Amino acid sequence: MPTRNDDVDWDSWPVEDYLAENYRLLHPSDAAVIDHHAAHYRTLAPDGVARSVEFGAGPNLYPLMLASAVSRRIDAVEAGAANVAYLRSQLEGGADASWRPFEERIRTLLPSLPARPLERVRVVRGDARALPAGRYGLASMHFVAEGVTEDFAEFTAFCGAFARSVVPGGHLVAAFMENMPTYRIGRDSCWPGCPVDPDVVREVFTPLTEWLAVTRIDADPTLPDYGDTGMVLLAARAARGADAAAGAAGALTTAGPPPGRGRPARP
């Protein structure tokens, strides 16, 4: 049976190993994600979103910084105890110096970034899938839906919950690891992965959105080799009215992965 999200002890997520492997430097892939999201955020008015959400925030701070350029409040919703502790430490004691290059790049692209962008963030411990529908004007998600399960139907359900968290016509931005297998962080811990690609992301989100743009970037050789082949980036507007309800229902009833996409083998 594939490993599902609720099978995993997310309280023990190895935050320090994850940060050391991925976010102590501004990697080219980070810069590409920042540039992609900033291009969409430049279409919005500064402070024009009353409330946004980072859907499964983890310990990654740059999506929160990005959102602060257009959002008056950002809810960083996260279930894992170790990630919550890290986020709270960064908000209370100031962000680690390693995040400064991320903030500087964002500020160059989005001059409306407030002087202290993380002051707009509130950490919310909880399951992002349980968020009420239509609460936010903008939602972002980074490496969550494909990195918490080996079950394609559950990946699809995560994406449906993410899209439903915004008001009809609300903004969605996301990044997915392309063809991510089950993966290791540090030497010992093993975590579920669900391989997806641009076609899969487009298929899942098309019924959930009224406007959708999906692109990809190549694998970043400066990052650890987790077995992925790059990243898939998304910008979208959520569907409205009856279309939103029908799209959400369709996303939650997807029967399984596309042909040739089964459960990844554990390394």
# chains A, B, ... in the order shown; residues from 1 in each chain; ligands from 1
call {"tool": "residues_around", "arguments": {"residues": "segment 203-217 of chain A", "least_positions_apart": "2", "cutoff": "6 Å", "atoms": "only C-alpha atoms", "output": "list in words"}}
result
Val200, Val201, Gly230, Met231, Val232, Leu233, Leu234, Ala235, Ala236, Arg237, Ala238, Ala239, Ala244 and Gly247 of chain A
call {"tool": "select_by_dssp", "arguments": {"residues": "segment 50-263 of chain A", "states": "strand (DSSP E or B)", "output": "MDAnalysis selection string"}}
result
chainID A and resid 52:55 71 74:78 121:125 136:142 166:178 183:185 189:191 209:218 230:238
call {"tool": "closest_residue", "arguments": {"among": "A:Gly169, A:Glu154, A:Asp9, A:Ile106", "to": "Val33 of chain A", "atoms": "only C-alpha atoms"}}
result
A:Ile106
call {"tool": "residues_around", "arguments": {"residues": "Val167 of chain A", "least_positions_apart": "5", "cutoff": "6 Å", "atoms": "only C-alpha atoms", "output": "list in words"}}
result
Gly134, Tyr136 and Gly137 of chain A
call {"tool": "write_last_selection", "arguments": {"atoms": "N, CA and C atoms", "output": "CSV table (one decimal), in the first residue's frame"}}
result
chain,number,residue,atom,x,y,z
A,134,GLY,N,-13.0,29.2,0.8
A,134,GLY,CA,-13.2,30.6,0.5
A,134,GLY,C,-12.8,31.6,1.5
A,136,TYR,N,-9.6,32.9,1.9
A,136,TYR,CA,-8.4,33.7,1.5
A,136,TYR,C,-8.6,34.3,0.2
A,137,GLY,N,-7.9,35.4,0.0
A,137,GLY,CA,-7.8,36.0,-1.4
A,137,GLY,C,-6.7,35.5,-2.2
call {"tool": "select_by_dssp", "arguments": {"residues": "segment 104-189 of chain A", "states": "helix (DSSP H, G or I)", "output": "PyMOL selection string"}}
result
chain A and resi 104-109+117-120+128-130+145-147+152-164
call {"tool": "decode", "arguments": {"residues": "segment 104-130 of chain A", "atoms": "N, CA, C and O atoms", "output": "compact mmCIF listing (two decimals), in the first residue's frame"}}
result
# COMPACT_ATOMS: atom_id res chain seq x y z
N GLU A 104 16.39 40.15 -0.31
CA GLU A 104 16.93 41.18 -1.20
C GLU A 104 16.47 40.96 -2.64
O GLU A 104 16.13 41.93 -3.34
N ARG A 105 16.42 39.72 -3.10
CA ARG A 105 15.94 39.46 -4.46
C ARG A 105 14.47 39.82 -4.59
O ARG A 105 14.04 40.42 -5.58
N ILE A 106 13.68 39.45 -3.58
CA ILE A 106 12.25 39.76 -3.61
C ILE A 106 12.05 41.27 -3.62
O ILE A 106 11.22 41.79 -4.39
N ARG A 107 12.80 41.98 -2.82
CA ARG A 107 12.63 43.44 -2.74
C ARG A 107 12.98 44.11 -4.07
O ARG A 107 12.36 45.12 -4.46
N THR A 108 13.97 43.58 -4.76
CA THR A 108 14.32 44.12 -6.07
C THR A 108 13.17 43.97 -7.05
O THR A 108 12.89 44.87 -7.85
N LEU A 109 12.47 42.83 -6.98
CA LEU A 109 11.38 42.54 -7.92
C LEU A 109 10.06 43.16 -7.47
O LEU A 109 9.20 43.47 -8.30
N LEU A 110 9.90 43.30 -6.15
CA LEU A 110 8.64 43.81 -5.59
C LEU A 110 8.98 44.93 -4.60
O LEU A 110 9.06 44.71 -3.39
N PRO A 111 9.18 46.13 -5.10
CA PRO A 111 9.56 47.24 -4.21
C PRO A 111 8.53 47.55 -3.14
O PRO A 111 8.84 48.23 -2.16
N SER A 112 7.30 47.03 -3.31
CA SER A 112 6.27 47.25 -2.29
C SER A 112 6.47 46.38 -1.05
O SER A 112 5.71 46.50 -0.08
N LEU A 113 7.48 45.52 -1.06
CA LEU A 113 7.75 44.67 0.10
C LEU A 113 7.94 45.53 1.34
O LEU A 113 8.72 46.48 1.33
N PRO A 114 7.21 45.24 2.43
CA PRO A 114 7.36 46.06 3.64
C PRO A 114 8.75 45.91 4.25
O PRO A 114 9.46 44.94 3.98
N ALA A 115 9.10 46.86 5.08
CA ALA A 115 10.44 46.86 5.69
C ALA A 115 10.68 45.59 6.50
O ALA A 115 11.79 45.05 6.51
N ARG A 116 9.65 45.10 7.17
CA ARG A 116 9.75 43.87 7.96
C ARG A 116 8.65 42.92 7.49
O ARG A 116 7.60 42.82 8.10
N PRO A 117 8.91 42.20 6.41
CA PRO A 117 7.84 41.42 5.79
C PRO A 117 7.23 40.34 6.67
O PRO A 117 6.04 40.05 6.56
N LEU A 118 8.04 39.77 7.57
CA LEU A 118 7.50 38.67 8.38
C LEU A 118 6.58 39.16 9.49
O LEU A 118 5.91 38.35 10.14
N GLU A 119 6.53 40.47 9.72
CA GLU A 119 5.60 40.99 10.73
C GLU A 119 4.14 40.76 10.32
O GLU A 119 3.25 40.81 11.17
N ARG A 120 3.90 40.50 9.06
CA ARG A 120 2.54 40.27 8.59
C ARG A 120 2.11 38.81 8.70
O ARG A 120 0.98 38.46 8.37
N VAL A 121 3.02 37.96 9.16
CA VAL A 121 2.78 36.51 9.19
C VAL A 121 2.28 36.08 10.56
O VAL A 121 2.79 36.51 11.60
N ARG A 122 1.27 35.21 10.57
CA ARG A 122 0.80 34.56 11.77
C ARG A 122 0.95 33.06 11.57
O ARG A 122 0.50 32.52 10.55
N VAL A 123 1.60 32.37 12.50
CA VAL A 123 1.75 30.91 12.41
C VAL A 123 0.49 30.26 12.95
O VAL A 123 0.06 30.55 14.08
N VAL A 124 -0.09 29.37 12.17
CA VAL A 124 -1.30 28.65 12.56
C VAL A 124 -0.98 27.16 12.54
O VAL A 124 -0.73 26.60 11.47
N ARG A 125 -0.97 26.52 13.71
CA ARG A 125 -0.72 25.09 13.73
C ARG A 125 -2.01 24.34 13.42
O ARG A 125 -3.02 24.50 14.12
N GLY A 126 -1.98 23.54 12.36
CA GLY A 126 -3.16 22.78 11.99
C GLY A 126 -2.98 22.14 10.64
O GLY A 126 -1.99 22.36 9.93
N ASP A 127 -3.96 21.32 10.27
CA ASP A 127 -3.98 20.61 9.00
C ASP A 127 -4.55 21.54 7.94
O ASP A 127 -5.72 21.94 8.01
N ALA A 128 -3.75 21.91 6.96
CA ALA A 128 -4.21 22.85 5.93
C ALA A 128 -5.42 22.31 5.18
O ALA A 128 -6.25 23.09 4.69
N ARG A 129 -5.55 20.99 5.10
CA ARG A 129 -6.70 20.41 4.39
C ARG A 129 -8.02 20.73 5.08
O ARG A 129 -9.08 20.65 4.45
N ALA A 130 -7.98 21.09 6.35
CA ALA A 130 -9.20 21.36 7.11
C ALA A 130 -9.62 22.83 7.05
O ALA A 130 -10.60 23.21 7.69
